[in-house]
Structure formats: structure tokens, C-alpha cells
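> Sharing a structure here in C-alpha cells format.
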Amino acid sequence: MEGTVTKSTGSWYMVRTDDGHVWQARTRGKMRLQGLDTSNPVAVGDRVLFEEDTNYENTASIVDVYPRNNWVVRKANKLSSKRQILASNLDAAVLVASIISPRTSLGFIDRFLVGCEAYHVPSIIFLNKADLLGDQFESVKEEIYRIYENAHVEIYFGSALLPESIDLFKKNTKGKRILLAGHSGVGKSTLMNALYPDFNAR
């Protein structure tokens, strides 16, 4: 059987088949011991081949991972030379940033964009809390566009608290498989709840 990994808890994965059925799955030992330079052989977004476990209901074993179109990685930890794949087969990666409260540095944004470019992931910047900029909004907007005018990135300004300000972002990302990233406090959960009111993200 084939499916897409929708959640990873470390040792277990949720795999959704094309007909909507969700399986609890684990990797086989042989897969875990392959000589990979990543800390996780399976990531969210992976298309996988799996076999049903006969001993337990609704559980399965992942036996192979299909080639990835793209992926987003980070260093597994400070003491490791390996990388951790955060997600694969993405339509885009969105960095939720804010100019103030808290301030997202341009250096952090640049590193995010370089990482996306390196692994062929289209990148999007959503600058949240634009309503807090007041009279500075237009000048800040012009400056950001100037800085990134030659980068391959979509840029949106808005506020997760003002639904009308995210309409264009919602329209252009609807139906796409997207990684949402950003520092704590920039409004990722608030943005998710504004886009999908039933989501109840925390």
C-alpha cells in the first residue's frame, strides 16, 4: 500500500492513504540502520510504501520511502553532524515574521530563504502584526520590498487579527502543502486559526 506521512512522533508515524484512511506505522529496523546523513529516515510529507501488520489492527510497517521532490532541513542538534528533515514534497515554505513584538531579524529571514533555495522549496514571507506599525507601515513595506526585490520570494503584509488583511495570502495558498515556520510569538497559531477557524491551534 502507498500513503503520505502526515505526522511524526519520533518512533510512530501517521500515514494517510489516498482514500483517506489513516494508519499508525513504524519503520522496519533495516530502514532505520541505513547509512543516511539525516537523523530521521521518514519525514512528514513523504510518500511511502507500507505493509499492514497482521498482529495489530490499523498498524503498519513502512518498508520504503519514495524519492522526494524537495525538503526543508535543520541541524539535528548542536552535537550532531546530521540533519533533520522537517518536511518534504512541499508546494511552499512560509516564514511568519514580525517587524516588532517580537522583531524578526533580517539575518534569520535570509537564512530561511537560503535554506529553501538550496532544497528547491518555493518560499513565502508573511509579515504579521502589520497593524502595529502605524504610520511606519508604508515605509517599512517599501524597504522590505526593496531588500528582497531580486529574491525569489512572495511577500505578504497583514495581521492575523484582521481577517480582511490575509485574504490574498489565503487565496494564494489554498490547497497547497505548506510548511509554516517562525520564531515563538510571531503569530503562527493565530494565523492558522484565522485561516482555518476550526483548527484551534495553540
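Simple scheme: letters A, B, ... for chains in C-alpha cells order, numbers from 1 for residues in each chain, numbers from 1 for ligands in the order shown.
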What's the 7 Å shell around Lys82 in chain A, counting only C-alpha atoms, without same-chain residues fewer than 4 positions away, as a CSV table (one decimal) with all heavy atoms, in the first residue's frame?


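After the write, part.csv holds the following:
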chain,number,residue,atom,x,y,z
A,37,ASP,N,22.6,10.5,6.1
A,37,ASP,CA,23.1,11.7,6.8
A,37,ASP,C,22.1,12.5,7.5
A,37,ASP,O,22.3,13.6,7.9
A,37,ASP,CB,24.0,12.6,5.8
A,37,ASP,CG,23.1,13.2,4.8
A,37,ASP,OD1,21.9,12.8,4.6
A,37,ASP,OD2,23.6,14.1,4.1
A,38,THR,N,20.9,11.9,7.6
A,38,THR,CA,19.8,12.6,8.3
A,38,THR,C,19.4,11.7,9.6
A,38,THR,O,19.6,10.5,9.6
A,38,THR,CB,18.5,12.7,7.4
A,38,THR,OG1,18.1,11.5,6.9
A,38,THR,CG2,18.8,13.7,6.3
A,39,SER,N,18.9,12.4,10.6
A,39,SER,CA,18.5,11.7,11.8
A,39,SER,C,17.2,11.0,11.7
A,39,SER,O,16.9,10.1,12.5
A,39,SER,CB,18.5,12.7,13.0
A,39,SER,OG,17.5,13.7,12.7
A,75,LYS,N,19.7,21.4,11.4
A,75,LYS,CA,20.7,20.6,12.1
A,75,LYS,C,20.0,19.8,13.2
A,75,LYS,O,19.2,20.4,13.9
A,75,LYS,CB,21.8,21.4,12.7
A,75,LYS,CG,23.0,20.6,13.1
A,75,LYS,CD,24.2,21.6,13.5
A,75,LYS,CE,25.4,20.7,13.9
A,75,LYS,NZ,26.5,21.6,14.3
A,76,ALA,N,20.3,18.5,13.3
A,76,ALA,CA,19.6,17.6,14.2
A,76,ALA,C,19.7,18.2,15.7
A,76,ALA,O,18.8,18.3,16.4
A,76,ALA,CB,20.0,16.2,14.1

> Quick one: DSSP strand (DSSP E) residues in chain A, as a PDB file with C-alpha atoms, in the first residue's frame?


ATOM      1  CA  GLU A   2       1.030   3.617  -0.526  1.00  0.00           C
ATOM      2  CA  GLY A   3       0.333   6.736   1.511  1.00  0.00           C
ATOM      3  CA  THR A   4       1.571  10.123   2.705  1.00  0.00           C
ATOM      4  CA  VAL A   5       3.108  10.718   6.136  1.00  0.00           C
ATOM      5  CA  THR A   6       1.008  13.351   7.925  1.00  0.00           C
ATOM      6  CA  LYS A   7       2.520  13.258  11.422  1.00  0.00           C
ATOM      7  CA  SER A   8       5.709  12.109  13.108  1.00  0.00           C
ATOM      8  CA  TYR A  13       4.096   7.913  12.025  1.00  0.00           C
ATOM      9  CA  MET A  14       0.591   8.647  10.832  1.00  0.00           C
ATOM     10  CA  VAL A  15       0.206   7.590   7.188  1.00  0.00           C
ATOM     11  CA  ARG A  16      -2.821   8.646   5.161  1.00  0.00           C
ATOM     12  CA  VAL A  22      -5.084   6.748   8.421  1.00  0.00           C
ATOM     13  CA  TRP A  23      -2.617   4.128   9.633  1.00  0.00           C
ATOM     14  CA  GLN A  24      -0.252   4.090  12.591  1.00  0.00           C
ATOM     15  CA  ALA A  25       3.088   2.978  11.205  1.00  0.00           C
ATOM     16  CA  ARG A  26       6.670   2.324  12.223  1.00  0.00           C
ATOM     17  CA  THR A  27       9.829   1.855  10.185  1.00  0.00           C
ATOM     18  CA  ARG A  47       5.230   9.264   0.091  1.00  0.00           C
ATOM     19  CA  VAL A  48       5.841   5.799   1.495  1.00  0.00           C
ATOM     20  CA  LEU A  49       5.243   2.152   0.739  1.00  0.00           C
ATOM     21  CA  PHE A  50       3.923   0.232   3.726  1.00  0.00           C
ATOM     22  CA  GLU A  51       2.594  -3.181   4.705  1.00  0.00           C
ATOM     23  CA  GLU A  52      -0.234  -3.936   7.099  1.00  0.00           C
ATOM     24  CA  THR A  59      -0.965  -0.605  12.293  1.00  0.00           C
ATOM     25  CA  ALA A  60       1.609  -0.999   9.547  1.00  0.00           C
ATOM     26  CA  SER A  61       5.305  -1.121   8.748  1.00  0.00           C
ATOM     27  CA  ILE A  62       6.936   1.382   6.403  1.00  0.00           C
ATOM     28  CA  VAL A  63       9.178  -0.534   4.014  1.00  0.00           C
ATOM     29  CA  ASP A  64      10.284   2.177   1.591  1.00  0.00           C
ATOM     30  CA  VAL A  65      10.293   5.957   1.059  1.00  0.00           C
ATOM     31  CA  TRP A  71      12.612  19.106   1.604  1.00  0.00           C
ATOM     32  CA  VAL A  72      13.392  21.508   4.434  1.00  0.00           C
ATOM     33  CA  VAL A  73      16.123  20.579   6.903  1.00  0.00           C
ATOM     34  CA  ARG A  74      17.753  21.811  10.082  1.00  0.00           C
ATOM     35  CA  LYS A  75      20.705  20.566  12.091  1.00  0.00           C
ATOM     36  CA  ARG A  83      20.426  16.930   9.573  1.00  0.00           C
ATOM     37  CA  GLN A  84      16.773  16.553  10.475  1.00  0.00           C
ATOM     38  CA  ILE A  85      14.238  16.681   7.659  1.00  0.00           C
ATOM     39  CA  LEU A  86      11.330  18.823   8.858  1.00  0.00           C
ATOM     40  CA  ALA A  87       9.049  18.188   5.880  1.00  0.00           C
ATOM     41  CA  SER A  88       9.213  17.071   2.267  1.00  0.00           C
ATOM     42  CA  ALA A  92       5.979  26.223  -0.433  1.00  0.00           C
ATOM     43  CA  ALA A  93       7.509  27.130   2.921  1.00  0.00           C
ATOM     44  CA  VAL A  94       6.072  30.151   4.734  1.00  0.00           C
ATOM     45  CA  LEU A  95       8.111  32.160   7.202  1.00  0.00           C
ATOM     46  CA  VAL A  96       5.812  34.042   9.565  1.00  0.00           C
ATOM     47  CA  ALA A  97       7.784  37.063  10.744  1.00  0.00           C
ATOM     48  CA  SER A  98       7.094  40.320  12.529  1.00  0.00           C
ATOM     49  CA  SER A 123       9.477  30.476  -0.239  1.00  0.00           C
ATOM     50  CA  ILE A 124       6.920  32.934   1.119  1.00  0.00           C
ATOM     51  CA  ILE A 125       7.289  35.612   3.789  1.00  0.00           C
ATOM     52  CA  PHE A 126       4.188  36.628   5.729  1.00  0.00           C
ATOM     53  CA  LEU A 127       4.927  39.733   7.795  1.00  0.00           C
ATOM     54  CA  ASN A 128       2.375  39.581  10.579  1.00  0.00           C
ATOM     55  CA  VAL A 153      10.124  35.075  -2.692  1.00  0.00           C
ATOM     56  CA  GLU A 154       6.490  36.098  -2.306  1.00  0.00           C
ATOM     57  CA  ILE A 155       5.904  38.721   0.411  1.00  0.00           C
ATOM     58  CA  TYR A 156       2.644  39.459   2.213  1.00  0.00           C
ATOM     59  CA  PHE A 157       1.851  42.022   4.886  1.00  0.00           C
ATOM     60  CA  ILE A 178       2.919  24.296   3.107  1.00  0.00           C
ATOM     61  CA  LEU A 179       5.420  24.341   5.946  1.00  0.00           C
ATOM     62  CA  LEU A 180       4.746  27.161   8.435  1.00  0.00           C
ATOM     63  CA  ALA A 181       7.802  28.378  10.342  1.00  0.00           C
TER      64      ALA A 181
END

> Which residues are close to Leu132 in chain A, i.e. within 9 Å by only C-alpha atoms, leaving aside same-chain residues fewer than 4 positions away? Reply as a ChimeraX atom specification.

/A:99-101,137,159

> Take the residues just selected and output them with all heavy atoms as a short mmCIF file (atom, residue, chain, number, x, y, z; two decimals), in the first residue's frame.


data_model
loop_
_atom_site.label_atom_id
_atom_site.label_comp_id
_atom_site.auth_asym_id
_atom_site.auth_seq_id
_atom_site.Cartn_x
_atom_site.Cartn_y
_atom_site.Cartn_z
N ILE A 99 7.87 42.59 12.36
CA ILE A 99 8.85 43.68 12.47
C ILE A 99 9.04 44.10 13.92
O ILE A 99 10.13 44.44 14.36
CB ILE A 99 8.40 44.89 11.63
CG1 ILE A 99 8.21 44.48 10.15
CG2 ILE A 99 9.39 46.04 11.73
CD1 ILE A 99 9.47 43.99 9.48
N ILE A 100 7.95 44.05 14.66
CA ILE A 100 8.00 44.39 16.09
C ILE A 100 7.16 43.39 16.88
O ILE A 100 6.28 42.74 16.33
CB ILE A 100 7.47 45.83 16.36
CG1 ILE A 100 6.07 46.01 15.74
CG2 ILE A 100 8.43 46.87 15.83
CD1 ILE A 100 5.46 47.37 16.03
N SER A 101 7.50 43.26 18.15
CA SER A 101 6.71 42.49 19.11
C SER A 101 6.43 41.04 18.71
O SER A 101 5.27 40.65 18.60
CB SER A 101 5.38 43.21 19.38
OG SER A 101 4.69 42.61 20.46
N PHE A 137 4.02 51.95 8.46
CA PHE A 137 3.71 50.78 7.63
C PHE A 137 4.22 50.92 6.20
O PHE A 137 4.92 50.05 5.69
CB PHE A 137 2.20 50.51 7.62
CG PHE A 137 1.79 49.43 6.67
CD1 PHE A 137 2.06 48.10 6.96
CD2 PHE A 137 1.17 49.72 5.45
CE1 PHE A 137 1.70 47.08 6.08
CE2 PHE A 137 0.81 48.72 4.57
CZ PHE A 137 1.08 47.40 4.89
N SER A 159 -2.29 41.13 9.21
CA SER A 159 -2.45 40.87 10.64
C SER A 159 -3.43 39.72 10.80
O SER A 159 -4.52 39.74 10.24
CB SER A 159 -2.99 42.11 11.35
OG SER A 159 -3.35 41.78 12.69
#

> Write out as a list in words the residues lying within 9 Å of Lys176 in chain A, counting only C-alpha atoms and excluding same-chain residues fewer than 3 positions away.

Leu90, Asp91, Ala92, Asn172 and Thr173 of chain A

> Store the residues picked out above in a file with C-alpha atoms, as a PDB file, in the first residue's frame.


ATOM      1  CA  LEU A  90       6.260  20.935  -0.294  1.00  0.00           C
ATOM      2  CA  ASP A  91       4.483  23.419  -2.525  1.00  0.00           C
ATOM      3  CA  ALA A  92       5.979  26.223  -0.433  1.00  0.00           C
ATOM      4  CA  ASN A 172      -2.835  32.135  -2.996  1.00  0.00           C
ATOM      5  CA  THR A 173      -2.011  29.331  -0.549  1.00  0.00           C
TER       6      THR A 173
END
